[in-house]
$ cat input-v3.pdb   # PDB, C-alpha atoms, pLDDT in the B column
ATOM      1  CA  ASP A   1      -4.934  -9.933 -11.404  1.00 55.00           C
ATOM      2  CA  GLY A   2      -3.958  -9.614 -15.040  1.00 62.00           C
ATOM      3  CA  GLY A   3      -3.651  -5.882 -14.665  1.00 86.00           C
ATOM      4  CA  ARG A   4      -5.257  -2.955 -16.363  1.00 94.00           C
ATOM      5  CA  VAL A   5      -4.408   0.378 -17.890  1.00 96.00           C
ATOM      6  CA  LEU A   6      -5.590   3.531 -16.118  1.00 96.00           C
ATOM      7  CA  CYS A   7      -5.905   6.809 -18.024  1.00 95.00           C
ATOM      8  CA  GLN A   8      -6.219  10.352 -16.712  1.00 94.00           C
ATOM      9  CA  ALA A   9      -9.916  10.457 -17.648  1.00 94.00           C
ATOM     10  CA  ASP A  10     -10.733   7.389 -15.524  1.00 96.00           C
ATOM     11  CA  ASP A  11     -12.661   7.863 -12.265  1.00 95.00           C
ATOM     12  CA  ASP A  12     -10.063   5.823 -10.390  1.00 94.00           C
ATOM     13  CA  TRP A  13      -7.066   7.873 -11.619  1.00 96.00           C
ATOM     14  CA  PRO A  14      -4.917   8.819  -8.569  1.00 97.00           C
ATOM     15  CA  LEU A  15      -5.648  12.489  -7.848  1.00 95.00           C
ATOM     16  CA  GLY A  16      -2.151  13.325  -6.593  1.00 95.00           C
ATOM     17  CA  LEU A  17      -0.737  12.852 -10.076  1.00 95.00           C
ATOM     18  CA  SER A  18      -2.437  16.064 -11.219  1.00 91.00           C
ATOM     19  CA  ALA A  19       0.159  17.956  -9.143  1.00 90.00           C
ATOM     20  CA  LEU A  20       2.725  16.907 -11.760  1.00 93.00           C
ATOM     21  CA  GLY A  21       1.087  19.087 -14.409  1.00 93.00           C
ATOM     22  CA  MET A  22       2.661  18.460 -17.808  1.00 93.00           C
ATOM     23  CA  ALA A  23       4.963  15.844 -16.246  1.00 91.00           C
ATOM     24  CA  ALA A  24       1.984  13.664 -15.260  1.00 94.00           C
ATOM     25  CA  PRO A  25       1.852  10.283 -16.977  1.00 95.00           C
ATOM     26  CA  CYS A  26      -0.756   9.724 -19.666  1.00 94.00           C
ATOM     27  CA  ALA A  27      -1.450   6.221 -18.410  1.00 96.00           C
ATOM     28  CA  LEU A  28      -0.508   3.738 -15.714  1.00 97.00           C
ATOM     29  CA  TRP A  29      -0.281  -0.030 -15.948  1.00 97.00           C
ATOM     30  CA  VAL A  30      -1.643  -1.380 -12.673  1.00 97.00           C
ATOM     31  CA  ARG A  31      -1.952  -4.748 -11.007  1.00 97.00           C
ATOM     32  CA  GLY A  32      -4.084  -4.398  -7.894  1.00 96.00           C
ATOM     33  CA  GLU A  33      -5.879  -1.314  -6.616  1.00 94.00           C
ATOM     34  CA  VAL A  34      -4.316   2.134  -6.207  1.00 95.00           C
ATOM     35  CA  PRO A  35      -6.251   4.534  -3.988  1.00 95.00           C
ATOM     36  CA  VAL A  36      -7.442   7.734  -5.643  1.00 95.00           C
ATOM     37  CA  ASP A  37      -6.891   9.981  -2.612  1.00 95.00           C
ATOM     38  CA  PRO A  38      -3.246  10.846  -1.803  1.00 95.00           C
ATOM     39  CA  ARG A  39      -4.206  11.383   1.858  1.00 94.00           C
ATOM     40  CA  THR A  40      -4.552   7.610   2.182  1.00 96.00           C
ATOM     41  CA  MET A  41      -0.880   6.952   1.364  1.00 97.00           C
ATOM     42  CA  VAL A  42       2.583   7.841   2.685  1.00 97.00           C
ATOM     43  CA  SER A  43       5.791   7.120   0.808  1.00 96.00           C
ATOM     44  CA  VAL A  44       8.765   5.675   2.665  1.00 96.00           C
ATOM     45  CA  VAL A  45      11.986   5.816   0.653  1.00 94.00           C
ATOM     46  CA  GLY A  46      15.738   5.708   1.095  1.00 92.00           C
ATOM     47  CA  SER A  47      19.046   4.364  -0.039  1.00 91.00           C
ATOM     48  CA  ARG A  48      19.636   1.000  -1.676  1.00 87.00           C
ATOM     49  CA  ARG A  49      22.930   0.818   0.227  1.00 88.00           C
ATOM     50  CA  CYS A  50      21.738   1.345   3.761  1.00 91.00           C
ATOM     51  CA  SER A  51      22.596   0.387   7.290  1.00 92.00           C
ATOM     52  CA  ASP A  52      20.912  -2.318   9.334  1.00 93.00           C
ATOM     53  CA  TYR A  53      19.487   0.512  11.433  1.00 95.00           C
ATOM     54  CA  GLY A  54      17.946   2.055   8.290  1.00 94.00           C
ATOM     55  CA  VAL A  55      16.315  -1.252   7.340  1.00 96.00           C
ATOM     56  CA  ALA A  56      14.856  -1.636  10.835  1.00 97.00           C
ATOM     57  CA  ALA A  57      13.694   1.993  10.919  1.00 96.00           C
ATOM     58  CA  ALA A  58      12.008   1.665   7.513  1.00 97.00           C
ATOM     59  CA  GLY A  59      10.095  -1.401   8.682  1.00 97.00           C
ATOM     60  CA  GLN A  60       9.015   0.317  11.905  1.00 97.00           C
ATOM     61  CA  LEU A  61       7.960   3.493  10.068  1.00 96.00           C
ATOM     62  CA  ALA A  62       5.955   1.445   7.587  1.00 97.00           C
ATOM     63  CA  ALA A  63       4.193  -0.349  10.425  1.00 97.00           C
ATOM     64  CA  ALA A  64       3.402   3.023  12.024  1.00 97.00           C
ATOM     65  CA  VAL A  65       1.954   4.272   8.724  1.00 97.00           C
ATOM     66  CA  VAL A  66      -0.205   1.147   8.455  1.00 96.00           C
ATOM     67  CA  ALA A  67      -1.399   1.685  12.042  1.00 96.00           C
ATOM     68  CA  THR A  68      -2.910   5.027  10.908  1.00 96.00           C
ATOM     69  CA  GLY A  69      -4.928   3.195   8.248  1.00 95.00           C
ATOM     70  CA  ARG A  70      -2.768   4.407   5.363  1.00 96.00           C
ATOM     71  CA  LEU A  71      -0.903   2.499   2.675  1.00 95.00           C
ATOM     72  CA  VAL A  72       2.867   2.569   2.274  1.00 97.00           C
ATOM     73  CA  VAL A  73       4.219   3.560  -1.151  1.00 97.00           C
ATOM     74  CA  SER A  74       7.787   2.934  -2.283  1.00 97.00           C
ATOM     75  CA  GLY A  75       9.821   1.883  -5.292  1.00 96.00           C
ATOM     76  CA  GLY A  76      10.519  -1.789  -4.690  1.00 96.00           C
ATOM     77  CA  ALA A  77      14.295  -1.313  -4.788  1.00 94.00           C
ATOM     78  CA  ARG A  78      16.841  -3.032  -2.592  1.00 95.00           C
ATOM     79  CA  GLY A  79      17.452  -1.510   0.819  1.00 95.00           C
ATOM     80  CA  ILE A  80      15.025   0.965   2.371  1.00 96.00           C
ATOM     81  CA  ASP A  81      12.287   0.564  -0.268  1.00 96.00           C
ATOM     82  CA  SER A  82      11.970  -3.196   0.157  1.00 96.00           C
ATOM     83  CA  ALA A  83      12.205  -2.857   3.951  1.00 97.00           C
ATOM     84  CA  ALA A  84       9.312  -0.370   3.880  1.00 97.00           C
ATOM     85  CA  HIS A  85       7.146  -2.655   1.733  1.00 97.00           C
ATOM     86  CA  ALA A  86       7.993  -5.650   3.935  1.00 97.00           C
ATOM     87  CA  GLY A  87       7.249  -3.681   7.114  1.00 97.00           C
ATOM     88  CA  ALA A  88       3.825  -2.701   5.811  1.00 97.00           C
ATOM     89  CA  LEU A  89       3.043  -6.271   4.828  1.00 97.00           C
ATOM     90  CA  ARG A  90       4.219  -7.674   8.190  1.00 96.00           C
ATOM     91  CA  ALA A  91       1.894  -5.200   9.903  1.00 96.00           C
ATOM     92  CA  ALA A  92      -0.984  -6.652   7.836  1.00 92.00           C
ATOM     93  CA  GLY A  93      -1.206  -3.447   5.861  1.00 87.00           C
ATOM     94  CA  SER A  94      -1.210  -2.596   2.207  1.00 93.00           C
ATOM     95  CA  THR A  95       1.584  -1.343   0.024  1.00 97.00           C
ATOM     96  CA  VAL A  96       1.835   0.231  -3.415  1.00 97.00           C
ATOM     97  CA  LEU A  97       5.013  -0.549  -5.309  1.00 98.00           C
ATOM     98  CA  VAL A  98       5.860   1.931  -8.073  1.00 97.00           C
ATOM     99  CA  ALA A  99       8.175   0.059 -10.414  1.00 96.00           C
ATOM    100  CA  ALA A 100      10.663   1.323 -12.970  1.00 94.00           C
ATOM    101  CA  GLY A 101      10.708   0.078 -16.552  1.00 91.00           C
ATOM    102  CA  GLY A 102       7.894  -1.392 -18.572  1.00 94.00           C
ATOM    103  CA  ALA A 103       4.737  -3.007 -17.227  1.00 95.00           C
ATOM    104  CA  GLY A 104       5.305  -6.492 -15.918  1.00 94.00           C
ATOM    105  CA  ARG A 105       9.026  -5.943 -15.319  1.00 94.00           C
ATOM    106  CA  VAL A 106      10.222  -7.070 -11.897  1.00 96.00           C
ATOM    107  CA  TYR A 107      13.389  -5.274 -10.879  1.00 94.00           C
ATOM    108  CA  PRO A 108      15.404  -6.284  -9.040  1.00 95.00           C
ATOM    109  CA  PRO A 109      14.523  -9.846 -10.069  1.00 95.00           C
ATOM    110  CA  GLU A 110      15.060 -11.233  -6.570  1.00 96.00           C
ATOM    111  CA  HIS A 111      12.048  -9.156  -5.450  1.00 96.00           C
ATOM    112  CA  SER A 112       9.489 -11.199  -7.390  1.00 97.00           C
ATOM    113  CA  ASP A 113       7.833 -12.351  -4.136  1.00 97.00           C
ATOM    114  CA  LEU A 114       7.649  -8.726  -2.944  1.00 97.00           C
ATOM    115  CA  PHE A 115       6.016  -7.648  -6.226  1.00 97.00           C
ATOM    116  CA  SER A 116       3.498 -10.491  -5.904  1.00 97.00           C
ATOM    117  CA  ALA A 117       2.679  -9.599  -2.288  1.00 97.00           C
ATOM    118  CA  ALA A 118       2.230  -5.930  -3.231  1.00 97.00           C
ATOM    119  CA  MET A 119      -0.144  -6.874  -6.070  1.00 96.00           C
ATOM    120  CA  HIS A 120      -2.304  -8.826  -3.645  1.00 95.00           C
ATOM    121  CA  SER A 121      -2.274  -6.353  -0.743  1.00 94.00           C
ATOM    122  CA  GLY A 122      -2.371  -3.086  -2.676  1.00 96.00           C
ATOM    123  CA  ALA A 123      -0.874  -2.600  -6.118  1.00 97.00           C
ATOM    124  CA  VAL A 124       2.125  -2.548  -8.405  1.00 98.00           C
ATOM    125  CA  VAL A 125       2.215   0.430 -10.771  1.00 97.00           C
ATOM    126  CA  TRP A 126       4.257   0.995 -13.911  1.00 97.00           C
ATOM    127  CA  GLU A 127       4.269   4.163 -16.006  1.00 95.00           C
ATOM    128  CA  HIS A 128       5.548   2.526 -19.172  1.00 94.00           C
ATOM    129  CA  PRO A 129       4.062  -0.174 -21.408  1.00 94.00           C
ATOM    130  CA  PRO A 130       5.450  -3.711 -21.504  1.00 93.00           C
ATOM    131  CA  GLY A 131       8.832  -4.073 -23.149  1.00 91.00           C
ATOM    132  CA  VAL A 132      10.278  -0.713 -22.093  1.00 93.00           C
ATOM    133  CA  GLY A 133      13.752  -1.296 -20.682  1.00 91.00           C
ATOM    134  CA  LEU A 134      15.479   0.179 -17.670  1.00 91.00           C
ATOM    135  CA  THR A 135      17.860   3.097 -17.896  1.00 88.00           C
ATOM    136  CA  ARG A 136      19.736   4.986 -15.224  1.00 82.00           C
ATOM    137  CA  GLY A 137      17.087   7.733 -15.468  1.00 85.00           C
ATOM    138  CA  SER A 138      14.190   5.271 -15.053  1.00 87.00           C
ATOM    139  CA  PHE A 139      14.499   5.368 -11.292  1.00 85.00           C
ATOM    140  CA  LEU A 140      14.591   9.152 -10.927  1.00 83.00           C
ATOM    141  CA  HIS A 141      11.671   9.394 -13.337  1.00 85.00           C
ATOM    142  CA  ARG A 142       9.724   6.866 -11.239  1.00 91.00           C
ATOM    143  CA  ASN A 143      10.392   8.828  -8.050  1.00 90.00           C
ATOM    144  CA  ARG A 144       8.141  11.716  -9.091  1.00 92.00           C
ATOM    145  CA  LEU A 145       5.195   9.289  -9.157  1.00 95.00           C
ATOM    146  CA  ILE A 146       6.014   7.950  -5.688  1.00 95.00           C
ATOM    147  CA  ALA A 147       5.969  11.481  -4.287  1.00 93.00           C
ATOM    148  CA  ALA A 148       2.877  12.639  -6.190  1.00 95.00           C
ATOM    149  CA  LEU A 149       0.756   9.658  -5.193  1.00 96.00           C
ATOM    150  CA  THR A 150       1.119  10.363  -1.481  1.00 94.00           C
ATOM    151  CA  LEU A 151       0.292  12.742   1.338  1.00 90.00           C
ATOM    152  CA  ALA A 152       3.905  12.837   2.562  1.00 93.00           C
ATOM    153  CA  THR A 153       7.310  11.377   1.823  1.00 93.00           C
ATOM    154  CA  VAL A 154       9.558  10.073   4.580  1.00 93.00           C
ATOM    155  CA  VAL A 155      13.248   9.652   3.715  1.00 92.00           C
ATOM    156  CA  VAL A 156      14.695   7.087   6.101  1.00 92.00           C
ATOM    157  CA  GLU A 157      18.349   7.132   5.083  1.00 81.00           C
ATOM    158  CA  ALA A 158      19.974   8.662   2.002  1.00 67.00           C
ATOM    159  CA  ALA A 159      23.162  10.194   0.660  1.00 63.00           C
ATOM    160  CA  ASP A 160      23.314  13.890  -0.244  1.00 61.00           C
ATOM    161  CA  ARG A 161      22.883  13.165  -3.963  1.00 60.00           C
ATOM    162  CA  SER A 162      20.354  10.357  -3.903  1.00 56.00           C
ATOM    163  CA  GLY A 163      17.170   9.376  -5.652  1.00 57.00           C
ATOM    164  CA  ALA A 164      15.401   9.299  -2.286  1.00 53.00           C
ATOM    165  CA  LEU A 165      16.116  12.980  -1.676  1.00 53.00           C
ATOM    166  CA  ASN A 166      14.993  13.662  -5.239  1.00 54.00           C
ATOM    167  CA  THR A 167      11.691  11.965  -4.364  1.00 55.00           C
ATOM    168  CA  ALA A 168      11.256  14.126  -1.268  1.00 51.00           C
ATOM    169  CA  ARG A 169      12.004  17.317  -3.201  1.00 56.00           C
ATOM    170  CA  THR A 170       9.444  16.327  -5.846  1.00 57.00           C
ATOM    171  CA  GLY A 171       6.681  15.892  -3.243  1.00 52.00           C
TER     172      GLY A 171
END

$ encode --input "input-v3.pdb" --output "structure tokens"
Amino acid sequence: DGGRVLCQADDDWPLGLSALGMAAPCALWVRGEVPVDPRTMVSVVGSRRCSDYGVAAAGQLAAAVVATGRLVVSGGARGIDSAAHAGALRAAGSTVLVAAGGAGRVYPPEHSDLFSAAMHSGAVVWEHPPGVGLTRGSFLHRNRLIAALTLATVVVEAADRSGALNTARTG
């Protein structure tokens, strides 16, 4: 899938993004298929620096989400995010990976196989055009999309001042 650009006027624009109001993106760069209805997706997020228990719990929660017929959405980061994506894929489900940075960017680079699997089972979504770099704020900015795309957000494990809790508060 070479990808495509979705705009707010498109019939397949994810409906949950309208909840963001003026903070909604103007466009999305997508490889794969993102469901329109937020009721078909649940986000599973958490800390990059997590315990083994958190990794196992994220995988089990993702499998439980898949068992309900829903897709798992997360940010593709190390730790809980990647465990959630992997858990969904192991359960023969679909996952939507909302990536930071510009379209086509794989971060962290060691997750290239995870990005590829997400593209083929569900989708990878970027808010920014190709060539846009990563900043510290890129990840917090991305989190609002993760929350808005989905019916619910489950935080598996997170510190008091974490991006995962920011995602949950956004949703």

$ residues_around --input "input-v3.pdb" --residues "Gly21 of chain A" --least-positions-apart "4" --cutoff "12 Å" --atoms "all atoms listed in the file" --output "list in words"
Gln8, Leu15, Gly16, Leu17, Pro25, Cys26, Arg144, Leu145 and Ala148 of chain A

$ residues_around --input "input-v3.pdb" --residues "Arg70 of chain A" --least-positions-apart "3" --cutoff "7 Å" --atoms "all atoms listed in the file" --output "list in words"
Thr40, Met41, Val42, Val65 and Val66 of chain A

$ atom_distance --input "input-v3.pdb" --atom1 "atom CA of Pro109 of chain A" --atom2 "atom CA of Ala86 of chain A"
16.0 Å

$ atom_distance --input "input-v3.pdb" --atom1 "atom CA of Thr153 of chain A" --atom2 "atom CA of Val44 of chain A"
5.9 Å

$ resolve_selection --input "input-v3.pdb" --expression "the PyMOL selection byres ((chain A and resi 107) around 12)" --output "ChimeraX atom specification"
/A:75-78,82,97-106,108-115,124,126,133-135,138-139

$ resolve_selection --input "input-v3.pdb" --expression "the PyMOL selection byres ((chain A and resi 14) around 10)" --output "PyMOL selection string"
chain A and resi 6-8+10-13+15-18+28+34-38+148-150

$ resolve_selection --input "input-v3.pdb" --expression "the PyMOL selection byres ((chain A and resi 29) around 8)" --output "PyMOL selection string"
chain A and resi 3-6+27-28+30-31+103+125-129

$ atom_distance --input "input-v3.pdb" --atom1 "atom CA of Arg39 of chain A" --atom2 "atom CA of Leu151 of chain A"
4.7 Å

$ residues_around --input "input-v3.pdb" --residues "Ile80 of chain A" --least-positions-apart "2" --cutoff "10 Å" --atoms "all atoms listed in the file" --output "mmCIF file with C-alpha atoms, in the frame of the given file"
data_model
loop_
_atom_site.group_PDB
_atom_site.id
_atom_site.type_symbol
_atom_site.label_atom_id
_atom_site.label_comp_id
_atom_site.auth_asym_id
_atom_site.auth_seq_id
_atom_site.Cartn_x
_atom_site.Cartn_y
_atom_site.Cartn_z
ATOM 1 C CA VAL A 44 8.765 5.675 2.665
ATOM 2 C CA VAL A 45 11.986 5.816 0.653
ATOM 3 C CA GLY A 46 15.738 5.708 1.095
ATOM 4 C CA SER A 47 19.046 4.364 -0.039
ATOM 5 C CA ARG A 48 19.636 1.000 -1.676
ATOM 6 C CA ARG A 49 22.930 0.818 0.227
ATOM 7 C CA CYS A 50 21.738 1.345 3.761
ATOM 8 C CA SER A 51 22.596 0.387 7.290
ATOM 9 C CA ASP A 52 20.912 -2.318 9.334
ATOM 10 C CA GLY A 54 17.946 2.055 8.290
ATOM 11 C CA VAL A 55 16.315 -1.252 7.340
ATOM 12 C CA ALA A 56 14.856 -1.636 10.835
ATOM 13 C CA ALA A 57 13.694 1.993 10.919
ATOM 14 C CA ALA A 58 12.008 1.665 7.513
ATOM 15 C CA GLY A 59 10.095 -1.401 8.682
ATOM 16 C CA SER A 74 7.787 2.934 -2.283
ATOM 17 C CA GLY A 75 9.821 1.883 -5.292
ATOM 18 C CA GLY A 76 10.519 -1.789 -4.690
ATOM 19 C CA ALA A 77 14.295 -1.313 -4.788
ATOM 20 C CA ARG A 78 16.841 -3.032 -2.592
ATOM 21 C CA SER A 82 11.970 -3.196 0.157
ATOM 22 C CA ALA A 83 12.205 -2.857 3.951
ATOM 23 C CA ALA A 84 9.312 -0.370 3.880
ATOM 24 C CA HIS A 85 7.146 -2.655 1.733
ATOM 25 C CA ALA A 86 7.993 -5.650 3.935
ATOM 26 C CA VAL A 155 13.248 9.652 3.715
ATOM 27 C CA VAL A 156 14.695 7.087 6.101
ATOM 28 C CA GLU A 157 18.349 7.132 5.083
ATOM 29 C CA ALA A 158 19.974 8.662 2.002
ATOM 30 C CA ALA A 164 15.401 9.299 -2.286
#

$ closest_residue --input "input-v3.pdb" --among "A:Ala62, A:Val73, A:Ala67, A:Met22" --to "Ala147 of chain A" --atoms "only C-alpha atoms"
A:Val73
